[in-house]
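Have a look at query02.txt below; it lists compact mmCIF, C-alpha atoms.
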```txt
# COMPACT_ATOMS: atom_id res chain seq x y z
CA PHE G 1 96.98 105.38 67.15
CA VAL G 2 98.56 104.53 70.50
CA ALA G 3 97.53 100.90 70.07
CA VAL G 4 99.36 100.80 66.71
CA LEU G 5 102.53 102.02 68.47
CA VAL G 6 102.18 99.33 71.13
CA MET G 7 101.64 96.61 68.52
CA ARG G 8 104.80 97.81 66.73
CA LEU G 9 106.72 97.31 69.97
CA ARG G 10 105.26 93.81 70.25
CA ASP G 11 106.16 92.92 66.68
CA GLU G 12 109.73 94.08 67.30
CA GLY G 13 109.99 91.81 70.34
CA LEU G 14 110.32 94.65 72.85
CA LEU G 15 107.26 93.49 74.80
CA ASP G 16 104.66 90.75 74.92
CA LEU G 17 100.95 91.54 75.15
CA GLY G 18 100.80 89.21 78.16
CA ASP G 19 103.48 91.16 80.01
CA PRO G 20 102.38 92.82 83.25
CA LEU G 21 102.78 96.55 82.83
CA ALA G 22 105.02 96.45 85.92
CA LYS G 23 107.65 94.63 83.85
CA HIS G 24 108.24 97.85 81.92
CA LEU G 25 106.86 100.71 84.08
CA ASP G 26 107.00 101.39 87.81
CA VAL G 27 103.32 102.20 88.33
CA PRO G 28 102.04 100.10 91.24
CA GLU G 29 98.63 101.78 90.97
CA ALA G 30 97.94 99.67 87.86
CA GLY G 31 98.09 96.48 89.88
CA GLY G 32 98.93 93.38 87.87
CA ALA G 33 97.27 94.57 84.66
CA THR G 34 98.79 93.31 81.42
CA VAL G 35 99.50 95.26 78.25
CA ALA G 36 96.66 93.43 76.47
CA GLN G 37 94.23 94.29 79.27
CA LEU G 38 95.14 97.96 79.01
CA LEU G 39 94.62 97.88 75.22
CA SER G 40 91.21 96.20 75.56
CA HIS G 41 90.06 98.23 78.61
CA THR G 42 89.82 95.12 80.76
CA ALA G 43 92.48 96.14 83.30
CA GLY G 44 89.77 97.24 85.75
CA LEU G 45 91.22 100.74 86.08
CA ALA G 46 89.12 103.79 86.91
CA ALA G 47 87.49 105.50 83.93
CA GLU G 48 88.92 108.96 84.62
CA PRO G 49 91.95 110.50 86.36
CA ARG G 50 91.80 112.36 89.64
CA GLY G 51 91.29 116.10 89.84
CA PRO G 52 89.21 118.34 87.59
CA TRP G 53 87.94 117.35 84.15
CA TRP G 54 91.16 116.38 82.37
CA GLU G 55 90.14 117.40 78.82
CA ARG G 56 89.54 120.96 80.05
CA THR G 57 92.58 121.43 82.30
CA PRO G 58 96.33 121.73 81.59
CA GLY G 59 98.53 118.67 81.91
CA THR G 60 100.69 120.49 84.46
CA LEU G 61 98.10 119.43 87.06
CA ARG G 62 99.28 115.82 86.49
CA PRO G 63 103.03 116.10 85.79
CA GLU G 64 103.92 112.44 86.49
CA THR G 65 102.32 109.22 85.31
CA ALA G 66 101.31 108.28 88.86
CA ASP G 67 99.46 111.61 89.15
CA VAL G 68 96.66 110.42 86.87
CA PHE G 69 95.32 108.06 89.55
CA GLY G 70 92.93 108.91 92.33
CA GLU G 71 92.43 107.21 95.66
CA ARG G 72 90.79 104.19 94.01
CA PRO G 73 92.77 103.42 90.84
CA VAL G 74 91.39 99.87 90.41
CA VAL G 75 87.61 99.48 90.41
CA HIS G 76 87.18 95.97 88.92
CA PRO G 77 89.24 92.74 88.98
CA ALA G 78 91.60 92.70 86.00
CA GLY G 79 90.42 90.66 83.03
CA ARG G 80 86.81 90.23 84.15
CA ARG G 81 84.92 92.87 82.20
CA HIS G 82 85.22 95.77 79.79
CA HIS G 83 85.49 99.08 81.64
CA TYR G 84 86.71 102.00 79.54
CA SER G 85 89.69 103.73 81.15
CA ASN G 86 91.31 106.92 79.91
CA PRO G 87 94.13 106.60 82.48
CA GLY G 88 94.81 103.16 81.03
CA PHE G 89 95.77 104.72 77.71
CA ALA G 90 97.82 107.36 79.50
CA LEU G 91 99.83 104.41 80.84
CA LEU G 92 100.21 102.95 77.34
CA GLY G 93 101.54 106.30 76.14
CA ALA G 94 104.05 106.25 79.00
CA LEU G 95 104.98 102.69 78.01
CA VAL G 96 105.75 103.85 74.46
CA GLU G 97 107.88 106.69 75.83
CA ARG G 98 109.80 104.34 78.11
CA LEU G 99 110.65 101.80 75.42
CA ARG G 100 111.32 104.35 72.66
CA GLY G 101 113.09 106.96 74.79
CA ALA G 102 111.09 109.86 73.30
CA PRO G 103 107.70 111.58 73.88
CA TRP G 104 104.78 109.54 72.51
CA GLY G 105 103.77 112.35 70.13
CA GLN G 106 107.22 112.41 68.54
CA VAL G 107 107.20 108.62 68.22
CA LEU G 108 103.74 108.73 66.64
CA THR G 109 104.83 111.34 64.09
CA ARG G 110 108.01 109.48 63.16
CA GLU G 111 106.62 105.93 63.07
CA VAL G 112 103.03 106.37 61.85
CA LEU G 113 102.02 109.82 60.64
CA GLU G 114 104.98 110.57 58.37
CA PRO G 115 105.09 107.13 56.66
CA LEU G 116 101.33 107.31 55.98
CA GLY G 117 101.51 110.86 54.62
CA MET G 118 99.34 112.32 57.41
CA GLY G 119 100.91 115.78 57.36
CA ARG G 120 97.88 117.53 58.88
CA THR G 121 97.70 115.33 61.99
CA SER G 122 99.50 116.58 65.08
CA HIS G 123 99.62 116.64 68.88
CA GLU G 124 98.87 120.41 68.90
CA PRO G 125 96.56 122.35 66.53
CA ARG G 126 98.16 123.84 63.43
CA ALA G 127 96.62 126.80 61.62
CA PRO G 128 94.32 126.89 59.82
CA HIS G 129 92.06 124.77 62.01
CA ALA G 130 88.46 124.73 63.17
CA GLY G 131 87.65 126.15 66.56
CA GLY G 132 85.77 124.11 69.14
CA TRP G 133 82.32 125.31 70.21
CA ALA G 134 79.53 124.39 72.60
CA VAL G 135 75.88 125.33 72.21
CA HIS G 136 74.36 126.55 75.48
CA PRO G 137 71.68 124.06 76.60
CA TRP G 138 69.16 126.76 77.59
CA ALA G 139 69.86 129.56 75.11
CA ASP G 140 70.72 129.98 71.44
CA VAL G 141 74.27 130.92 72.31
CA ILE G 142 77.53 129.34 71.18
CA LEU G 143 80.48 129.37 73.54
CA PRO G 144 84.16 128.77 72.70
CA GLU G 145 85.71 125.65 74.22
CA PRO G 146 89.27 125.39 75.65
CA ALA G 147 92.08 123.65 73.79
CA GLU G 148 94.48 122.45 76.47
CA ASP G 149 97.67 120.44 76.24
CA THR G 150 96.59 117.61 78.51
CA GLY G 151 100.12 116.33 79.10
CA ARG G 152 100.25 112.77 80.48
CA MET G 153 96.60 112.24 79.49
CA GLY G 154 97.27 113.12 75.84
CA PRO G 155 97.42 109.49 74.63
CA ALA G 156 93.79 109.11 75.74
CA GLY G 157 92.54 111.41 73.00
CA GLN G 158 94.57 114.56 72.26
CA LEU G 159 95.20 114.55 68.51
CA TRP G 160 94.23 117.03 65.80
CA SER G 161 93.49 115.78 62.29
CA THR G 162 91.47 116.25 59.10
CA ALA G 163 89.03 114.10 57.14
CA GLY G 164 91.67 113.62 54.43
CA ASP G 165 94.30 112.39 56.86
CA LEU G 166 91.83 110.07 58.58
CA ALA G 167 90.95 108.62 55.18
CA ARG G 168 94.64 107.73 54.77
CA PHE G 169 94.58 106.11 58.21
CA ALA G 170 91.43 104.16 57.26
CA ALA G 171 93.15 102.83 54.13
CA PHE G 172 96.02 101.70 56.37
CA LEU G 173 93.58 99.94 58.71
CA LEU G 174 92.22 98.00 55.73
CA ASP G 175 95.44 96.68 54.23
CA GLY G 176 98.28 97.53 56.59
CA ASP G 177 101.60 99.04 55.59
CA GLU G 178 104.83 97.17 56.26
CA ARG G 179 106.52 100.46 57.14
CA VAL G 180 104.06 100.86 60.02
CA LEU G 181 102.19 97.64 60.88
CA GLY G 182 101.34 94.53 58.89
CA ALA G 183 97.88 93.27 58.01
CA GLU G 184 98.08 90.31 60.44
CA SER G 185 98.72 92.56 63.44
CA LEU G 186 95.88 94.86 62.38
CA ALA G 187 93.55 91.85 62.12
CA GLU G 188 94.59 90.89 65.64
CA MET G 189 93.62 94.37 66.85
CA ARG G 190 90.08 94.07 65.50
CA ALA G 191 89.42 90.59 66.91
CA PRO G 192 87.07 90.76 69.94
CA ALA G 193 89.15 90.75 73.12
CA VAL G 194 86.31 90.69 75.64
CA ALA G 195 82.71 89.54 75.78
CA PRO G 196 80.05 92.20 75.06
CA GLU G 197 78.43 93.98 77.96
CA GLU G 198 75.14 92.46 79.14
CA GLY G 199 72.33 93.42 76.78
CA ASP G 200 74.72 94.73 74.10
CA TRP G 201 75.61 92.02 71.58
CA ASP G 202 76.08 94.47 68.71
CA GLY G 203 79.29 95.97 70.05
CA GLY G 204 82.60 94.97 71.54
CA TYR G 205 86.24 95.91 71.85
CA GLY G 206 89.49 94.60 70.43
CA LEU G 207 93.02 95.83 71.12
CA GLY G 208 92.50 99.60 71.07
CA THR G 209 89.66 99.23 68.57
CA GLN G 210 85.90 99.56 68.94
CA LEU G 211 83.78 96.91 67.20
CA ILE G 212 80.14 97.27 66.15
CA ARG G 213 77.52 95.64 63.92
CA HIS G 214 75.56 98.13 61.86
CA GLY G 215 73.09 97.20 59.13
CA GLY G 216 74.38 93.63 59.14
CA ARG G 217 77.99 94.76 58.68
CA PHE G 218 80.95 94.28 60.99
CA LEU G 219 82.74 97.60 61.49
CA HIS G 220 85.84 98.50 63.44
CA GLY G 221 87.30 101.87 64.30
CA HIS G 222 86.67 104.35 67.10
CA THR G 223 84.59 107.29 68.21
CA GLY G 224 85.88 110.09 70.40
CA SER G 225 85.53 113.61 71.67
CA MET G 226 87.41 116.52 73.16
CA PRO G 227 85.86 119.83 74.31
CA GLY G 228 84.31 121.38 71.22
CA PHE G 229 84.87 118.38 68.96
CA LEU G 230 83.36 115.00 68.01
CA ALA G 231 84.89 112.40 65.71
CA SER G 232 84.19 108.94 64.39
CA LEU G 233 85.92 106.57 61.98
CA TRP G 234 84.52 103.16 60.98
CA VAL G 235 85.99 100.68 58.52
CA SER G 236 84.17 97.80 56.78
CA PRO G 237 86.78 95.27 55.60
CA GLU G 238 84.18 93.28 53.63
CA ASP G 239 83.06 96.34 51.64
CA ARG G 240 86.52 97.97 51.64
CA LEU G 241 84.86 101.19 52.71
CA ALA G 242 85.36 103.67 55.53
CA GLY G 243 83.07 106.31 56.99
CA ILE G 244 84.47 109.40 58.70
CA ALA G 245 82.52 112.15 60.46
CA LEU G 246 83.90 115.20 62.27
CA ALA G 247 82.06 118.04 64.05
CA ASN G 248 83.35 121.06 65.94
CA ALA G 249 80.68 120.86 68.63
CA THR G 250 80.88 119.49 72.15
CA SER G 251 77.63 117.55 71.75
CA GLY G 252 74.90 117.20 69.18
CA PRO G 253 74.85 114.73 66.27
CA THR G 254 75.27 111.01 66.92
CA ILE G 255 78.61 111.09 65.17
CA GLY G 256 79.20 107.32 65.24
CA ALA G 257 75.88 106.58 63.53
CA ILE G 258 76.58 109.16 60.82
CA ALA G 259 79.93 107.56 59.92
CA ALA G 260 78.38 104.07 59.92
CA ASP G 261 75.44 105.26 57.78
CA LEU G 262 77.89 106.66 55.20
CA ILE G 263 79.35 103.17 54.73
CA GLU G 264 75.90 101.61 54.37
CA ILE G 265 74.73 104.21 51.84
CA VAL G 266 77.81 103.83 49.62
CA ALA G 267 77.82 100.02 49.86
CA GLU G 268 74.18 99.81 48.79
CA HIS G 269 74.23 102.41 46.02
CA GLU G 270 77.79 101.99 44.71
CA PRO G 271 78.68 98.32 45.30
CA ARG G 272 82.34 97.46 44.90
CA ILE G 273 83.30 96.05 41.51
CA PRO G 274 84.91 92.62 41.97
CA ALA G 275 88.62 92.45 41.28
CA PRO G 276 89.51 90.84 37.95
CA TRP G 277 90.56 87.18 38.07
CA ARG G 278 94.29 86.59 38.00
CA PRO G 279 96.18 83.32 38.21
CA LEU G 280 98.43 82.63 41.18
CA PRO G 281 102.01 83.64 40.36
CA GLU G 282 103.23 80.21 41.49
CA ALA G 283 101.83 76.98 42.92
CA ASP G 284 103.64 74.32 44.93
CA PRO G 285 102.86 70.97 43.21
CA ALA G 286 102.70 69.21 46.58
CA LEU G 287 100.04 71.61 47.81
CA LEU G 288 98.18 71.53 44.51
CA ALA G 289 97.92 67.75 44.88
CA LEU G 290 96.07 68.19 48.19
CA THR G 291 93.25 70.22 46.66
CA GLY G 292 89.84 68.81 45.82
CA PRO G 293 87.17 66.91 47.77
CA TRP G 294 87.85 65.73 51.32
CA TYR G 295 85.52 64.09 53.83
CA TRP G 296 84.80 64.31 57.53
CA GLY G 297 82.77 61.17 58.03
CA ALA G 298 80.19 61.31 55.28
CA ARG G 299 80.26 65.11 54.99
CA SER G 300 82.12 66.46 51.97
CA TYR G 301 84.44 69.47 51.91
CA HIS G 302 86.45 71.29 49.27
CA LEU G 303 90.10 72.17 49.81
CA ARG G 304 91.42 75.09 47.73
CA LEU G 305 94.87 76.57 47.33
CA ARG G 306 95.04 80.30 47.93
CA ALA G 307 97.74 82.94 47.61
CA ASP G 308 100.94 82.74 49.70
CA ARG G 309 100.63 78.95 50.09
CA GLY G 310 97.41 79.27 52.09
CA LEU G 311 94.74 76.57 52.11
CA GLU G 312 90.99 77.04 52.50
CA LEU G 313 88.66 74.23 53.60
CA SER G 314 84.92 74.81 53.10
CA PRO G 315 81.73 72.67 53.05
CA ALA G 316 80.86 71.35 49.61
CA ALA G 317 77.18 72.07 50.28
CA GLY G 318 74.92 73.11 53.14
CA ALA G 319 76.00 74.17 56.59
CA GLY G 320 79.37 73.49 58.12
CA ARG G 321 82.47 75.16 59.41
CA ALA G 322 85.04 76.62 57.05
CA SER G 323 88.63 77.34 57.94
CA ARG G 324 91.75 78.86 56.40
CA PHE G 325 95.22 77.52 57.10
CA ARG G 326 98.61 79.22 57.02
CA ALA G 327 101.78 77.30 56.20
CA GLU G 328 104.49 77.65 58.85
CA PRO G 329 108.25 77.42 58.19
CA ASP G 330 108.55 74.21 60.24
CA GLY G 331 106.10 72.33 58.02
CA THR G 332 103.09 72.64 60.32
CA TRP G 333 99.84 74.46 59.61
CA THR G 334 97.97 77.03 61.71
CA GLY G 335 94.17 77.32 61.49
CA LEU G 336 93.02 80.94 61.16
CA ASP G 337 89.29 80.56 61.88
CA GLY G 338 87.17 79.15 64.69
```
Take the structure from the file and write it as structure tokens.
Amino acid sequence: FVAVLVMRLRDEGLLDLGDPLAKHLDVPEAGGATVAQLLSHTAGLAAEPRGPWWERTPGTLRPETADVFGERPVVHPAGRRHHYSNPGFALLGALVERLRGAPWGQVLTREVLEPLGMGRTSHEPRAPHAGGWAVHPWADVILPEPAEDTGRMGPAGQLWSTAGDLARFAAFLLDGDERVLGAESLAEMRAPAVAPEEGDWDGGYGLGTQLIRHGGRFLHGHTGSMPGFLASLWVSPEDRLAGIALANATSGPTIGAIAADLIEIVAEHEPRIPAPWRPLPEADPALLALTGPWYWGARSYHLRLRADRGLELSPAAGAGRASRFRAEPDGTWTGLDG
């Protein structure tokens, strides 16, 4: 959700993803990290803030943005590797507040939740809501978990929602919504931003988005937890399906696998019905004349005209690289693949 707010700022021209955070916020502890590095967890920042466990303590312990950092705020060189950082997203929340002039939760409600109809998603719990519980590891006892307002750390994970509201958010992640964020910016968020960790080529990270391969499918979304709660949301663009799993337990089920399995089960047993064929509403004769067989050396390709003046080049037979092209206003073309 915070990443969507940051991408909105980018699309409005209020920041560039390559901007050093220092251009917008006075937080020297972040070093020279860029906005994109914070979004992709490659800024090299420490994983957790200083002081006691932040999810279980009030935000008054860290009243200012600089208070989230300990004695060693940077633990890796920026841009070198993926290292998940909750303080990094606290900084992105502060960035949103600085450029919007309002608390990040208010901005989120106004710019994302209300347009998408997510009336049961909020910064604080709203009755009726499930309570958070923990099962004692050495006894059959359940214990209530705290629900703190984590203050400056809130953008790292403090949000209350429902399965219904998250389904609306998943639909937005599939197609975009011009009132919130367009499909091209969402596609940019789910493109891998860093190489996978050694030994893990089935997962990665985009701009605020986790990426995994499950059952041969590419999924994007995120998992998360707060004391007493687990959550996971995965989206499969190819299948146009989403899987959502929520539990009011501190630990227990592998929540990410459950949500991914839901997608696989539905895709296999209720495959999507193809959309009915419809002609293009209009076709530029000059572009239509380009379609047909083309050759690279002796290898043949087919060029097709797609919607919105797009072109698609694909091998006529056998292996080869395909690519889509987008027409630009100045008469040039931009390749969208490879």
Next on the checklist: Restricting the calculation to only C-alpha atoms: of G:Ile142, G:Leu262, G:Ala307, G:Ala283, which residue gets closest to G:Thr250?
Outcome noted: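 Looking at the shortest contact to G:Thr250, the residue is G:Ile142.
Using only C-alpha atoms for every distance, the candidate list G:Met153, G:Ile212, G:Leu233, G:Ala275 yields G:Met153 as the residue closest to G:Gly105.
Of note, atom CA of G:Asp165 and atom CA of G:Glu124 are spaced 15.2 Å apart.
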Checklist entry - What is the atom CA of G:Leu159-atom CA of G:Ala22 distance in Å, reported with one decimal? => result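 About the pair atom CA of G:Leu159 and atom CA of G:Ala22: they are 27.0 Å apart.
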Checklist outcome for this item: Taken to one decimal, the atom CA of G:Gly154-atom CA of G:Leu21 distance is 18.8 Å
So that each row is one residue of stretch 201-317 of chain G with an atom at most 9 Å from stretch 35-47 of chain G, can you give its shortest atom pair and the distance in Å to one decimal, using all atoms listed in the file, rows by chain and rising number, as JSON lines?
```
{"residue": "G:Tyr205", "atom": "CA", "partner": "G:Ser40", "partner_atom": "CA", "distance": 6.2}
{"residue": "G:Gly206", "atom": "CA", "partner": "G:Ser40", "partner_atom": "CA", "distance": 5.6}
{"residue": "G:Leu207", "atom": "CA", "partner": "G:Ser40", "partner_atom": "CA", "distance": 4.8}
{"residue": "G:Gly208", "atom": "CA", "partner": "G:Leu39", "partner_atom": "CA", "distance": 5.0}
{"residue": "G:Thr209", "atom": "CA", "partner": "G:Ser40", "partner_atom": "CA", "distance": 7.8}
```
Checklist entry - Which residues come within 10 Å of G:Glu148, counting all atoms listed in the file, excluding same-chain residues fewer than 6 positions away, as a list in words? => result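 Using all atoms listed in the file, the neighbours found are Trp54, Glu55, Arg56, Thr57, Pro58, Gly59, Glu124, Gly154, Gln158, Met226 and Pro227 of chain G.
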Next on the checklist: Need to verify the contact set: stretch 321-332 of chain G, 7 Å, only C-alpha atoms, exclusion of same-chain residues closer than 6 positions in sequence. Can you return it as an MDAnalysis selection string?
Outcome noted: chainID G and resid 309:315
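If you measure from each of G:Asn86, G:Ser225, G:Ser300, G:Thr334 to G:Pro73 using all atoms listed in the file, the closest one turns out to be G:Asn86.
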Next on the checklist: When you count only C-alpha atoms, which of these residues is closest to G:Arg110: G:Leu5, G:Leu174, G:Leu336, G:Ala242?
Outcome noted: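 Checking each candidate against G:Arg110, we get G:Leu5 as the closest.
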Checklist entry - For G:Thr121, which of G:Gly164, G:Pro281, G:Pro63, G:Gly338 is the closest residue, counting all atoms listed in the file? => result G:Gly164
Next on the checklist: Please determine, counting all atoms listed in the file, which residue among G:Ala134, G:Val235, G:Ala139, G:Ala102 has the shortest atom-to-atom distance to G:His222.
Outcome noted: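 The closest residue to G:His222 is G:Val235.
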May I have the residues within 7 Å of G:Gly32 as a PDB file with C-alpha atoms, in the frame of the given file, using all atoms listed in the file and disregarding those fewer than 2 positions away in the same chain?
```pdb
ATOM      1  CA  PRO G  20     102.380  92.820  83.250  1.00  0.00           C
ATOM      2  CA  ALA G  30      97.940  99.670  87.860  1.00  0.00           C
ATOM      3  CA  THR G  34      98.790  93.310  81.420  1.00  0.00           C
TER       4      THR G  34
END
```
Item to check | Distance query stretch 180-196 of chain G at most 9 Å, all atoms listed in the file, self and fewer than 3 positions along chain excluded, as an MDAnalysis selection string | outcome: chainID G and resid 3:5 7:8 11 36:37 40:42 79:82 111:112 115:116 172:177 199:211 220:221
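Only residues having an atom at most 12 Å from (81.8, 128.9, 75.6) are included; using all atoms listed in the file, these are Arg56, Gly131, Gly132, Trp133, Ala134, Val135, His136, Pro137, Ala139, Asp140, Val141, Ile142, Leu143, Pro144, Glu145, Pro146, Ala147, Pro227, Gly228, Ala249 and Thr250 of chain G.
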Could you write out that same residue set with C-alpha atoms as a tab-separated table (two decimals), keeping the file's coordinate frame?
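For reference, selection.tsv as written:
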```tsv
chain	number	residue	atom	x	y	z
G	56	ARG	CA	89.54	120.96	80.05
G	131	GLY	CA	87.65	126.15	66.56
G	132	GLY	CA	85.77	124.11	69.14
G	133	TRP	CA	82.32	125.31	70.21
G	134	ALA	CA	79.53	124.39	72.60
G	135	VAL	CA	75.88	125.33	72.21
G	136	HIS	CA	74.36	126.55	75.48
G	137	PRO	CA	71.68	124.06	76.60
G	139	ALA	CA	69.86	129.56	75.11
G	140	ASP	CA	70.72	129.98	71.44
G	141	VAL	CA	74.27	130.92	72.31
G	142	ILE	CA	77.53	129.34	71.18
G	143	LEU	CA	80.48	129.37	73.54
G	144	PRO	CA	84.16	128.77	72.70
G	145	GLU	CA	85.71	125.65	74.22
G	146	PRO	CA	89.27	125.39	75.65
G	147	ALA	CA	92.08	123.65	73.79
G	227	PRO	CA	85.86	119.83	74.31
G	228	GLY	CA	84.31	121.38	71.22
G	249	ALA	CA	80.68	120.86	68.63
G	250	THR	CA	80.88	119.49	72.15
```
